[in-house]
>>> print(open('my_file21.pdb').read())   # PDB, C-alpha atoms, pLDDT in the B column
ATOM      1  CA  MET A  25      22.041  54.523  16.406  1.00 48.00           C
ATOM      2  CA  GLY A  26      18.314  55.199  16.418  1.00 48.00           C
ATOM      3  CA  SER A  27      16.984  56.889  19.529  1.00 45.00           C
ATOM      4  CA  ALA A  28      13.674  55.030  19.769  1.00 51.00           C
ATOM      5  CA  GLN A  29      13.638  52.475  22.537  1.00 63.00           C
ATOM      6  CA  CYS A  30      11.223  51.198  25.164  1.00 74.00           C
ATOM      7  CA  ILE A  31      10.864  48.372  27.659  1.00 86.00           C
ATOM      8  CA  GLU A  32       8.208  45.763  26.986  1.00 92.00           C
ATOM      9  CA  ILE A  33       7.333  42.274  28.196  1.00 95.00           C
ATOM     10  CA  ILE A  34       7.748  40.060  25.135  1.00 96.00           C
ATOM     11  CA  PRO A  35       7.392  36.306  24.522  1.00 96.00           C
ATOM     12  CA  VAL A  36      10.616  34.350  24.955  1.00 96.00           C
ATOM     13  CA  GLY A  37       9.696  32.317  21.870  1.00 94.00           C
ATOM     14  CA  SER A  38       9.644  35.431  19.677  1.00 95.00           C
ATOM     15  CA  ILE A  39      13.360  36.116  20.133  1.00 96.00           C
ATOM     16  CA  ASP A  40      16.037  34.815  17.762  1.00 93.00           C
ATOM     17  CA  VAL A  41      19.673  34.583  18.884  1.00 90.00           C
ATOM     18  CA  VAL A  42      21.539  35.613  15.744  1.00 81.00           C
ATOM     19  CA  ASN A  43      25.056  34.709  16.858  1.00 74.00           C
ATOM     20  CA  PRO A  44      24.740  32.207  19.738  1.00 79.00           C
ATOM     21  CA  ARG A  45      27.762  31.672  21.978  1.00 75.00           C
ATOM     22  CA  ALA A  46      28.758  28.608  23.949  1.00 72.00           C
ATOM     23  CA  ARG A  47      28.427  29.153  27.686  1.00 70.00           C
ATOM     24  CA  ASN A  48      30.577  28.000  30.573  1.00 71.00           C
ATOM     25  CA  ARG A  49      28.281  25.673  32.543  1.00 81.00           C
ATOM     26  CA  ARG A  50      29.356  26.949  35.931  1.00 81.00           C
ATOM     27  CA  ILE A  51      28.839  30.585  34.964  1.00 79.00           C
ATOM     28  CA  PHE A  52      25.476  29.800  33.366  1.00 85.00           C
ATOM     29  CA  LYS A  53      24.351  27.995  36.510  1.00 89.00           C
ATOM     30  CA  GLU A  54      25.253  31.098  38.517  1.00 88.00           C
ATOM     31  CA  ILE A  55      23.155  33.250  36.162  1.00 88.00           C
ATOM     32  CA  VAL A  56      20.168  30.929  36.500  1.00 93.00           C
ATOM     33  CA  THR A  57      20.473  30.915  40.305  1.00 93.00           C
ATOM     34  CA  SER A  58      20.720  34.707  40.405  1.00 90.00           C
ATOM     35  CA  VAL A  59      17.675  35.173  38.183  1.00 92.00           C
ATOM     36  CA  ALA A  60      15.676  32.618  40.191  1.00 93.00           C
ATOM     37  CA  GLU A  61      16.528  34.215  43.540  1.00 92.00           C
ATOM     38  CA  LEU A  62      16.786  37.909  42.704  1.00 90.00           C
ATOM     39  CA  GLY A  63      14.920  38.315  39.443  1.00 90.00           C
ATOM     40  CA  LEU A  64      16.217  39.967  36.299  1.00 90.00           C
ATOM     41  CA  LYS A  65      18.510  42.846  37.289  1.00 87.00           C
ATOM     42  CA  ARG A  66      18.358  44.431  33.858  1.00 88.00           C
ATOM     43  CA  PRO A  67      16.305  43.661  30.758  1.00 93.00           C
ATOM     44  CA  ILE A  68      17.727  42.042  27.683  1.00 94.00           C
ATOM     45  CA  THR A  69      18.114  44.180  24.561  1.00 93.00           C
ATOM     46  CA  VAL A  70      16.474  43.271  21.270  1.00 94.00           C
ATOM     47  CA  LYS A  71      15.687  44.899  17.959  1.00 92.00           C
ATOM     48  CA  ARG A  72      12.437  44.357  16.127  1.00 89.00           C
ATOM     49  CA  LYS A  73      12.531  42.446  12.858  1.00 88.00           C
ATOM     50  CA  PRO A  74      10.914  44.391  10.017  1.00 84.00           C
ATOM     51  CA  GLY A  75       8.189  42.955   7.848  1.00 76.00           C
ATOM     52  CA  GLU A  76       6.996  40.223  10.240  1.00 72.00           C
ATOM     53  CA  ALA A  77       3.263  39.545  10.561  1.00 78.00           C
ATOM     54  CA  GLU A  78       3.752  38.578  14.211  1.00 86.00           C
ATOM     55  CA  PRO A  79       6.328  40.628  16.136  1.00 90.00           C
ATOM     56  CA  ARG A  80       9.729  38.925  16.192  1.00 93.00           C
ATOM     57  CA  TYR A  81      13.039  40.173  17.525  1.00 94.00           C
ATOM     58  CA  ASP A  82      16.774  39.647  17.121  1.00 92.00           C
ATOM     59  CA  LEU A  83      18.724  39.477  20.369  1.00 93.00           C
ATOM     60  CA  VAL A  84      21.332  42.223  20.739  1.00 90.00           C
ATOM     61  CA  CYS A  85      22.491  41.762  24.357  1.00 89.00           C
ATOM     62  CA  GLY A  86      21.614  39.274  27.082  1.00 90.00           C
ATOM     63  CA  GLN A  87      21.942  35.714  25.771  1.00 89.00           C
ATOM     64  CA  GLY A  88      22.745  34.386  29.256  1.00 90.00           C
ATOM     65  CA  ARG A  89      19.726  36.123  30.792  1.00 93.00           C
ATOM     66  CA  LEU A  90      17.439  34.899  28.000  1.00 95.00           C
ATOM     67  CA  GLU A  91      18.645  31.307  28.346  1.00 94.00           C
ATOM     68  CA  ALA A  92      18.228  31.517  32.124  1.00 95.00           C
ATOM     69  CA  TYR A  93      14.588  32.521  31.648  1.00 96.00           C
ATOM     70  CA  GLN A  94      14.154  29.594  29.250  1.00 95.00           C
ATOM     71  CA  ALA A  95      15.776  27.206  31.744  1.00 95.00           C
ATOM     72  CA  LEU A  96      13.375  28.425  34.437  1.00 95.00           C
ATOM     73  CA  GLY A  97      10.359  27.822  32.201  1.00 95.00           C
ATOM     74  CA  GLN A  98       9.441  31.498  31.849  1.00 95.00           C
ATOM     75  CA  ARG A  99       7.392  32.382  28.787  1.00 95.00           C
ATOM     76  CA  GLU A 100       7.925  36.149  28.805  1.00 96.00           C
ATOM     77  CA  ILE A 101      10.873  38.426  29.547  1.00 96.00           C
ATOM     78  CA  PRO A 102      11.413  42.186  29.982  1.00 95.00           C
ATOM     79  CA  ALA A 103      13.253  43.602  26.992  1.00 96.00           C
ATOM     80  CA  ILE A 104      14.557  46.955  25.836  1.00 93.00           C
ATOM     81  CA  ILE A 105      13.450  47.272  22.221  1.00 92.00           C
ATOM     82  CA  ILE A 106      15.781  49.433  20.178  1.00 90.00           C
ATOM     83  CA  ASP A 107      15.902  50.803  16.662  1.00 86.00           C
ATOM     84  CA  ALA A 108      19.449  49.988  15.551  1.00 83.00           C
ATOM     85  CA  THR A 109      21.438  49.071  12.466  1.00 82.00           C
ATOM     86  CA  ASP A 110      23.306  45.783  12.194  1.00 78.00           C
ATOM     87  CA  GLU A 111      26.558  47.677  12.846  1.00 75.00           C
ATOM     88  CA  ASP A 112      25.185  49.310  16.002  1.00 80.00           C
ATOM     89  CA  SER A 113      23.859  45.959  17.229  1.00 81.00           C
ATOM     90  CA  ALA A 114      27.241  44.301  16.658  1.00 75.00           C
ATOM     91  CA  ILE A 115      29.009  47.055  18.585  1.00 76.00           C
ATOM     92  CA  MET A 116      26.556  46.834  21.494  1.00 79.00           C
ATOM     93  CA  SER A 117      27.019  43.067  21.661  1.00 76.00           C
ATOM     94  CA  LEU A 118      30.799  43.416  21.587  1.00 72.00           C
ATOM     95  CA  VAL A 119      30.821  46.093  24.300  1.00 72.00           C
ATOM     96  CA  GLU A 120      28.707  43.925  26.591  1.00 72.00           C
ATOM     97  CA  ASN A 121      30.907  40.916  25.855  1.00 67.00           C
ATOM     98  CA  CYS A 122      34.011  42.906  26.766  1.00 64.00           C
ATOM     99  CA  ALA A 123      32.405  44.190  29.956  1.00 60.00           C
ATOM    100  CA  ARG A 124      31.771  40.684  31.282  1.00 60.00           C
ATOM    101  CA  ARG A 125      34.271  39.697  33.931  1.00 49.00           C
ATOM    102  CA  GLN A 126      34.928  36.346  32.228  1.00 54.00           C
ATOM    103  CA  HIS A 127      34.628  36.947  28.522  1.00 57.00           C
ATOM    104  CA  ARG A 128      35.950  34.387  26.056  1.00 60.00           C
ATOM    105  CA  ALA A 129      38.541  35.487  23.521  1.00 57.00           C
ATOM    106  CA  ILE A 130      36.840  33.399  20.826  1.00 59.00           C
ATOM    107  CA  ASP A 131      33.700  35.494  21.363  1.00 64.00           C
ATOM    108  CA  LEU A 132      35.724  38.672  21.096  1.00 66.00           C
ATOM    109  CA  LEU A 133      37.285  37.544  17.826  1.00 64.00           C
ATOM    110  CA  HIS A 134      33.880  36.629  16.420  1.00 66.00           C
ATOM    111  CA  ASP A 135      32.589  40.143  17.097  1.00 70.00           C
ATOM    112  CA  ILE A 136      35.809  41.887  16.104  1.00 73.00           C
ATOM    113  CA  GLU A 137      35.870  40.036  12.780  1.00 72.00           C
ATOM    114  CA  GLY A 138      32.248  41.029  12.179  1.00 70.00           C
ATOM    115  CA  LEU A 139      33.117  44.676  12.721  1.00 75.00           C
ATOM    116  CA  ARG A 140      36.206  44.347  10.522  1.00 75.00           C
ATOM    117  CA  GLN A 141      34.035  42.943   7.734  1.00 74.00           C
ATOM    118  CA  ARG A 142      31.818  46.013   8.080  1.00 75.00           C
ATOM    119  CA  GLY A 143      34.788  48.271   7.439  1.00 80.00           C
ATOM    120  CA  TYR A 144      35.950  49.140  10.970  1.00 82.00           C
ATOM    121  CA  ASP A 145      39.698  49.153  11.537  1.00 86.00           C
ATOM    122  CA  PHE A 146      41.400  48.074  14.761  1.00 87.00           C
ATOM    123  CA  GLU A 147      41.612  51.677  16.012  1.00 90.00           C
ATOM    124  CA  ASP A 148      37.843  52.158  15.556  1.00 85.00           C
ATOM    125  CA  ILE A 149      37.079  48.880  17.341  1.00 81.00           C
ATOM    126  CA  ALA A 150      39.389  49.704  20.246  1.00 83.00           C
ATOM    127  CA  ARG A 151      37.852  53.152  20.630  1.00 83.00           C
ATOM    128  CA  LYS A 152      34.260  51.928  20.490  1.00 76.00           C
ATOM    129  CA  THR A 153      34.742  48.996  22.877  1.00 72.00           C
ATOM    130  CA  GLY A 154      37.210  50.424  25.367  1.00 75.00           C
ATOM    131  CA  LEU A 155      39.665  47.590  24.684  1.00 78.00           C
ATOM    132  CA  SER A 156      43.274  48.546  24.169  1.00 83.00           C
ATOM    133  CA  LEU A 157      44.506  48.585  20.595  1.00 86.00           C
ATOM    134  CA  GLU A 158      47.233  46.130  21.605  1.00 84.00           C
ATOM    135  CA  TYR A 159      44.656  43.693  22.970  1.00 80.00           C
ATOM    136  CA  VAL A 160      42.398  43.901  19.896  1.00 81.00           C
ATOM    137  CA  LYS A 161      45.305  43.280  17.535  1.00 84.00           C
ATOM    138  CA  GLY A 162      46.865  40.651  19.794  1.00 82.00           C
ATOM    139  CA  VAL A 163      43.778  38.506  20.277  1.00 78.00           C
ATOM    140  CA  SER A 164      43.030  38.657  16.547  1.00 79.00           C
ATOM    141  CA  SER A 165      46.600  37.700  15.657  1.00 81.00           C
ATOM    142  CA  LEU A 166      46.595  34.714  18.032  1.00 79.00           C
ATOM    143  CA  LEU A 167      43.277  33.379  16.823  1.00 76.00           C
ATOM    144  CA  GLU A 168      44.123  33.864  13.156  1.00 78.00           C
ATOM    145  CA  GLY A 169      47.303  31.869  13.828  1.00 78.00           C
ATOM    146  CA  GLY A 170      45.404  29.089  15.609  1.00 77.00           C
ATOM    147  CA  GLU A 171      47.273  29.773  18.865  1.00 77.00           C
ATOM    148  CA  HIS A 172      44.512  28.444  21.137  1.00 77.00           C
ATOM    149  CA  ARG A 173      46.889  27.387  23.931  1.00 76.00           C
ATOM    150  CA  LEU A 174      48.322  30.870  24.148  1.00 79.00           C
ATOM    151  CA  LEU A 175      44.844  32.385  24.070  1.00 77.00           C
ATOM    152  CA  ARG A 176      43.722  30.208  26.966  1.00 76.00           C
ATOM    153  CA  ALA A 177      46.795  31.370  28.894  1.00 77.00           C
ATOM    154  CA  VAL A 178      45.862  35.004  28.228  1.00 76.00           C
ATOM    155  CA  GLU A 179      42.269  34.371  29.324  1.00 71.00           C
ATOM    156  CA  ALA A 180      43.470  32.641  32.501  1.00 71.00           C
ATOM    157  CA  GLY A 181      45.723  35.573  33.351  1.00 72.00           C
ATOM    158  CA  GLN A 182      48.878  33.478  33.024  1.00 74.00           C
ATOM    159  CA  MET A 183      50.537  35.891  30.606  1.00 77.00           C
ATOM    160  CA  PRO A 184      49.883  39.296  29.003  1.00 79.00           C
ATOM    161  CA  VAL A 185      48.591  39.274  25.435  1.00 78.00           C
ATOM    162  CA  SER A 186      51.785  41.077  24.321  1.00 79.00           C
ATOM    163  CA  ILE A 187      53.969  38.189  25.525  1.00 81.00           C
ATOM    164  CA  ALA A 188      51.647  35.618  23.937  1.00 81.00           C
ATOM    165  CA  VAL A 189      51.971  37.400  20.579  1.00 82.00           C
ATOM    166  CA  MET A 190      55.777  37.565  20.905  1.00 80.00           C
ATOM    167  CA  ILE A 191      55.914  33.820  21.639  1.00 78.00           C
ATOM    168  CA  SER A 192      53.662  33.029  18.672  1.00 79.00           C
ATOM    169  CA  GLN A 193      55.909  35.024  16.320  1.00 77.00           C
ATOM    170  CA  ALA A 194      59.276  33.875  17.711  1.00 75.00           C
ATOM    171  CA  GLN A 195      61.377  31.061  16.317  1.00 73.00           C
ATOM    172  CA  ASP A 196      62.074  28.210  18.746  1.00 68.00           C
ATOM    173  CA  ASN A 197      65.573  29.444  19.528  1.00 64.00           C
ATOM    174  CA  ASP A 198      64.237  32.942  20.315  1.00 68.00           C
ATOM    175  CA  ILE A 199      61.501  31.905  22.762  1.00 76.00           C
ATOM    176  CA  GLN A 200      63.898  31.696  25.716  1.00 63.00           C
ATOM    177  CA  ALA A 201      64.899  35.296  25.053  1.00 71.00           C
ATOM    178  CA  VAL A 202      61.216  36.304  25.044  1.00 73.00           C
ATOM    179  CA  LEU A 203      60.715  34.606  28.414  1.00 72.00           C
ATOM    180  CA  GLN A 204      63.828  36.257  29.799  1.00 66.00           C
ATOM    181  CA  GLN A 205      62.623  39.675  28.668  1.00 72.00           C
ATOM    182  CA  ALA A 206      59.187  39.054  30.212  1.00 72.00           C
ATOM    183  CA  TYR A 207      60.856  38.016  33.472  1.00 60.00           C
ATOM    184  CA  GLU A 208      63.088  41.076  33.572  1.00 64.00           C
ATOM    185  CA  GLU A 209      60.122  43.362  32.894  1.00 70.00           C
ATOM    186  CA  ARG A 210      58.188  41.616  35.700  1.00 72.00           C
ATOM    187  CA  LEU A 211      55.479  40.466  33.286  1.00 72.00           C
ATOM    188  CA  LEU A 212      56.039  36.791  34.108  1.00 68.00           C
ATOM    189  CA  ARG A 213      57.175  35.674  37.543  1.00 67.00           C
ATOM    190  CA  GLY A 214      56.707  32.648  39.813  1.00 70.00           C
ATOM    191  CA  GLN A 215      53.801  30.388  38.909  1.00 69.00           C
ATOM    192  CA  ARG A 216      52.966  32.413  35.819  1.00 67.00           C
ATOM    193  CA  LEU A 217      56.485  31.850  34.476  1.00 63.00           C
ATOM    194  CA  LEU A 218      56.305  28.108  35.181  1.00 63.00           C
ATOM    195  CA  ALA A 219      52.892  27.919  33.514  1.00 65.00           C
ATOM    196  CA  ALA A 220      54.264  29.762  30.472  1.00 67.00           C
ATOM    197  CA  LYS A 221      57.195  27.358  30.145  1.00 67.00           C
ATOM    198  CA  LYS A 222      54.873  24.351  30.376  1.00 67.00           C
ATOM    199  CA  LEU A 223      52.559  25.836  27.769  1.00 65.00           C
ATOM    200  CA  ILE A 224      55.480  26.458  25.414  1.00 70.00           C
ATOM    201  CA  GLU A 225      56.593  22.835  25.775  1.00 68.00           C
ATOM    202  CA  GLN A 226      53.069  21.665  24.900  1.00 63.00           C
ATOM    203  CA  ARG A 227      52.927  24.049  21.957  1.00 63.00           C
ATOM    204  CA  HIS A 228      56.339  22.867  20.746  1.00 62.00           C
ATOM    205  CA  HIS A 229      55.192  19.230  20.913  1.00 63.00           C
ATOM    206  CA  ALA A 230      52.001  20.011  19.005  1.00 61.00           C
ATOM    207  CA  LEU A 231      53.964  21.776  16.262  1.00 52.00           C
ATOM    208  CA  VAL A 232      56.326  18.808  15.882  1.00 48.00           C
ATOM    209  CA  VAL A 233      53.394  16.387  15.687  1.00 48.00           C
ATOM    210  CA  GLY A 234      51.718  18.590  13.094  1.00 49.00           C
ATOM    211  CA  LYS A 235      54.844  18.692  10.963  1.00 47.00           C
ATOM    212  CA  CYS A 236      55.214  14.923  11.228  1.00 51.00           C
ATOM    213  CA  LEU A 237      51.701  14.475   9.884  1.00 49.00           C
ATOM    214  CA  ILE A 238      52.392  16.794   6.965  1.00 51.00           C
ATOM    215  CA  PHE A 239      56.027  16.075   6.040  1.00 47.00           C
ATOM    216  CA  GLY A 240      56.850  12.743   7.647  1.00 50.00           C
ATOM    217  CA  ARG A 241      58.878  12.251  10.810  1.00 49.00           C
ATOM    218  CA  ASP A 242      62.445  12.629   9.500  1.00 51.00           C
ATOM    219  CA  GLN A 243      61.755  15.722   7.416  1.00 48.00           C
ATOM    220  CA  ALA A 244      59.776  17.297  10.238  1.00 43.00           C
ATOM    221  CA  LEU A 245      62.647  16.839  12.664  1.00 44.00           C
ATOM    222  CA  ASP A 246      64.998  18.419  10.112  1.00 49.00           C
ATOM    223  CA  LEU A 247      62.641  21.372   9.740  1.00 40.00           C
ATOM    224  CA  GLN A 248      62.373  21.711  13.511  1.00 44.00           C
ATOM    225  CA  GLN A 249      66.152  21.826  13.906  1.00 45.00           C
ATOM    226  CA  THR A 250      66.429  24.556  11.290  1.00 43.00           C
ATOM    227  CA  GLY A 251      63.588  26.605  12.842  1.00 46.00           C
TER     228      GLY A 251
END
>>> encode(input="my_file21.pdb", output="C-alpha cells")
Amino acid sequence: MGSAQCIEIIPVGSIDVVNPRARNRRIFKEIVTSVAELGLKRPITVKRKPGEAEPRYDLVCGQGRLEAYQALGQREIPAIIIDATDEDSAIMSLVENCARRQHRAIDLLHDIEGLRQRGYDFEDIARKTGLSLEYVKGVSSLLEGGEHRLLRAVEAGQMPVSIAVMISQAQDNDIQAVLQQAYEERLLRGQRLLAAKKLIEQRHHALVVGKCLIFGRDQALDLQQTG
C-alpha cells in the first residue's frame, strides 16, 4: 500500500461509493445520532480518482459515517486520503467490515469474493482480515449454497458457523446426528438448540417446496424420501 496519506475536508458530493451496502435502519439511526451529538469520531477513508479535472474520490471505509453526514445536511466531511491499489482498498474495506460489531455475512461474502477474484486464497484472506479460516470458508460455502436461513442463524449467534456448514452438507436423515453431536460438544444448548431445530424444519419445508416446483409434487416427495 502507498504510504502517502493526509486528512482533508472534502465535499460530500465529490465522493463515490463504489460498492454500496444496505444498512440496518436501527444501526444507521444510531450512527446519525452519534454524529449529530458527538461529531465524527474518526474520518472516513477515500482514495483520489486519477485523471479527474475536479478532484473526485472513491470511498474506501466509512459508508455509514458518510451517509450520516448526508442525512444531517452536511456538505463537507473530514477524510483520510490515501494512495492505494484496488486490492489494498478492498482489504481495508473488508477489515473494517469485519471489525464492526454487527457485520452482515452478505457483506463479508461480497468482499471475500472480490479478493478471491483478485487471486487471494482463503488462507490469505483469513490472515489479512483476522477472521478464522473456518469462518471464511464456512460463510462462503453457505452463501454459495444459498443457505440464507443458516447464515442468519450464524449472524444472530444461534449456532456456530461450523454447525451451520455441517447441516447444509448433511442429508435429511443425518441432520439429527449433527444436532446430537453439537449438543454433546456444548455448541448448541437450550434456546439455541430449539432455534436450530425450528430453522431446520423451515429449511426442510423450503427444500420440499422447491422440489415440488421443479419436479412436481409426487416426484419431489419420492426424492425427499430417498434423500
>>> atom_distance(input="my_file21.pdb", atom1="atom CA of Ala60 of chain A", atom2="atom CA of Ala95 of chain A")
10.0 Å
>>> resolve_selection(input="my_file21.pdb", expression="the PyMOL selection byres ((chain A and resi 159) around 12)", output="ChimeraX atom specification")
/A:122,129,132-133,136,146-147,149-151,153-158,160-166,175,178-179,184-189
>>> residues_near_point(input="my_file21.pdb", point="(19.7, 34.1, 28.9)", cutoff="12 Å", atoms="only C-alpha atoms", output="PDB file with C-alpha atoms, in the coordinates of the input")
ATOM      1  CA  VAL A  36      10.616  34.350  24.955  1.00 96.00           C
ATOM      2  CA  ILE A  39      13.360  36.116  20.133  1.00 96.00           C
ATOM      3  CA  ASP A  40      16.037  34.815  17.762  1.00 93.00           C
ATOM      4  CA  VAL A  41      19.673  34.583  18.884  1.00 90.00           C
ATOM      5  CA  PRO A  44      24.740  32.207  19.738  1.00 79.00           C
ATOM      6  CA  ARG A  45      27.762  31.672  21.978  1.00 75.00           C
ATOM      7  CA  ALA A  46      28.758  28.608  23.949  1.00 72.00           C
ATOM      8  CA  ARG A  47      28.427  29.153  27.686  1.00 70.00           C
ATOM      9  CA  ILE A  51      28.839  30.585  34.964  1.00 79.00           C
ATOM     10  CA  PHE A  52      25.476  29.800  33.366  1.00 85.00           C
ATOM     11  CA  LYS A  53      24.351  27.995  36.510  1.00 89.00           C
ATOM     12  CA  GLU A  54      25.253  31.098  38.517  1.00 88.00           C
ATOM     13  CA  ILE A  55      23.155  33.250  36.162  1.00 88.00           C
ATOM     14  CA  VAL A  56      20.168  30.929  36.500  1.00 93.00           C
ATOM     15  CA  THR A  57      20.473  30.915  40.305  1.00 93.00           C
ATOM     16  CA  SER A  58      20.720  34.707  40.405  1.00 90.00           C
ATOM     17  CA  VAL A  59      17.675  35.173  38.183  1.00 92.00           C
ATOM     18  CA  LEU A  64      16.217  39.967  36.299  1.00 90.00           C
ATOM     19  CA  ARG A  66      18.358  44.431  33.858  1.00 88.00           C
ATOM     20  CA  PRO A  67      16.305  43.661  30.758  1.00 93.00           C
ATOM     21  CA  ILE A  68      17.727  42.042  27.683  1.00 94.00           C
ATOM     22  CA  THR A  69      18.114  44.180  24.561  1.00 93.00           C
ATOM     23  CA  LEU A  83      18.724  39.477  20.369  1.00 93.00           C
ATOM     24  CA  VAL A  84      21.332  42.223  20.739  1.00 90.00           C
ATOM     25  CA  CYS A  85      22.491  41.762  24.357  1.00 89.00           C
ATOM     26  CA  GLY A  86      21.614  39.274  27.082  1.00 90.00           C
ATOM     27  CA  GLN A  87      21.942  35.714  25.771  1.00 89.00           C
ATOM     28  CA  GLY A  88      22.745  34.386  29.256  1.00 90.00           C
ATOM     29  CA  ARG A  89      19.726  36.123  30.792  1.00 93.00           C
ATOM     30  CA  LEU A  90      17.439  34.899  28.000  1.00 95.00           C
ATOM     31  CA  GLU A  91      18.645  31.307  28.346  1.00 94.00           C
ATOM     32  CA  ALA A  92      18.228  31.517  32.124  1.00 95.00           C
ATOM     33  CA  TYR A  93      14.588  32.521  31.648  1.00 96.00           C
ATOM     34  CA  GLN A  94      14.154  29.594  29.250  1.00 95.00           C
ATOM     35  CA  ALA A  95      15.776  27.206  31.744  1.00 95.00           C
ATOM     36  CA  LEU A  96      13.375  28.425  34.437  1.00 95.00           C
ATOM     37  CA  GLY A  97      10.359  27.822  32.201  1.00 95.00           C
ATOM     38  CA  GLN A  98       9.441  31.498  31.849  1.00 95.00           C
ATOM     39  CA  GLU A 100       7.925  36.149  28.805  1.00 96.00           C
ATOM     40  CA  ILE A 101      10.873  38.426  29.547  1.00 96.00           C
ATOM     41  CA  PRO A 102      11.413  42.186  29.982  1.00 95.00           C
ATOM     42  CA  ALA A 103      13.253  43.602  26.992  1.00 96.00           C
TER      43      ALA A 103
END
>>> resolve_selection(input="my_file21.pdb", expression="the PyMOL selection byres ((chain A and resi 106) around 12)", output="VMD selection string")
chain A and resid 25 to 32 68 to 73 81 to 85 103 to 105 107 to 110 112 to 113 116
>>> atom_distance(input="my_file21.pdb", atom1="atom CA of Ile115 of chain A", atom2="atom CA of Tyr144 of chain A")
10.5 Å
>>> atom_distance(input="my_file21.pdb", atom1="atom CA of Arg99 of chain A", atom2="atom CA of Ala77 of chain A")
20.0 Å
>>> closest_residue(input="my_file21.pdb", among="A:Glu171, A:Asp145, A:Glu111, A:Glu120", to="Ile191 of chain A", atoms="all atoms listed in the file")
A:Glu171
>>> closest_residue(input="my_file21.pdb", among="A:Gln195, A:Arg80, A:Gly143, A:Met190", to="Gly37 of chain A", atoms="only C-alpha atoms")
A:Arg80
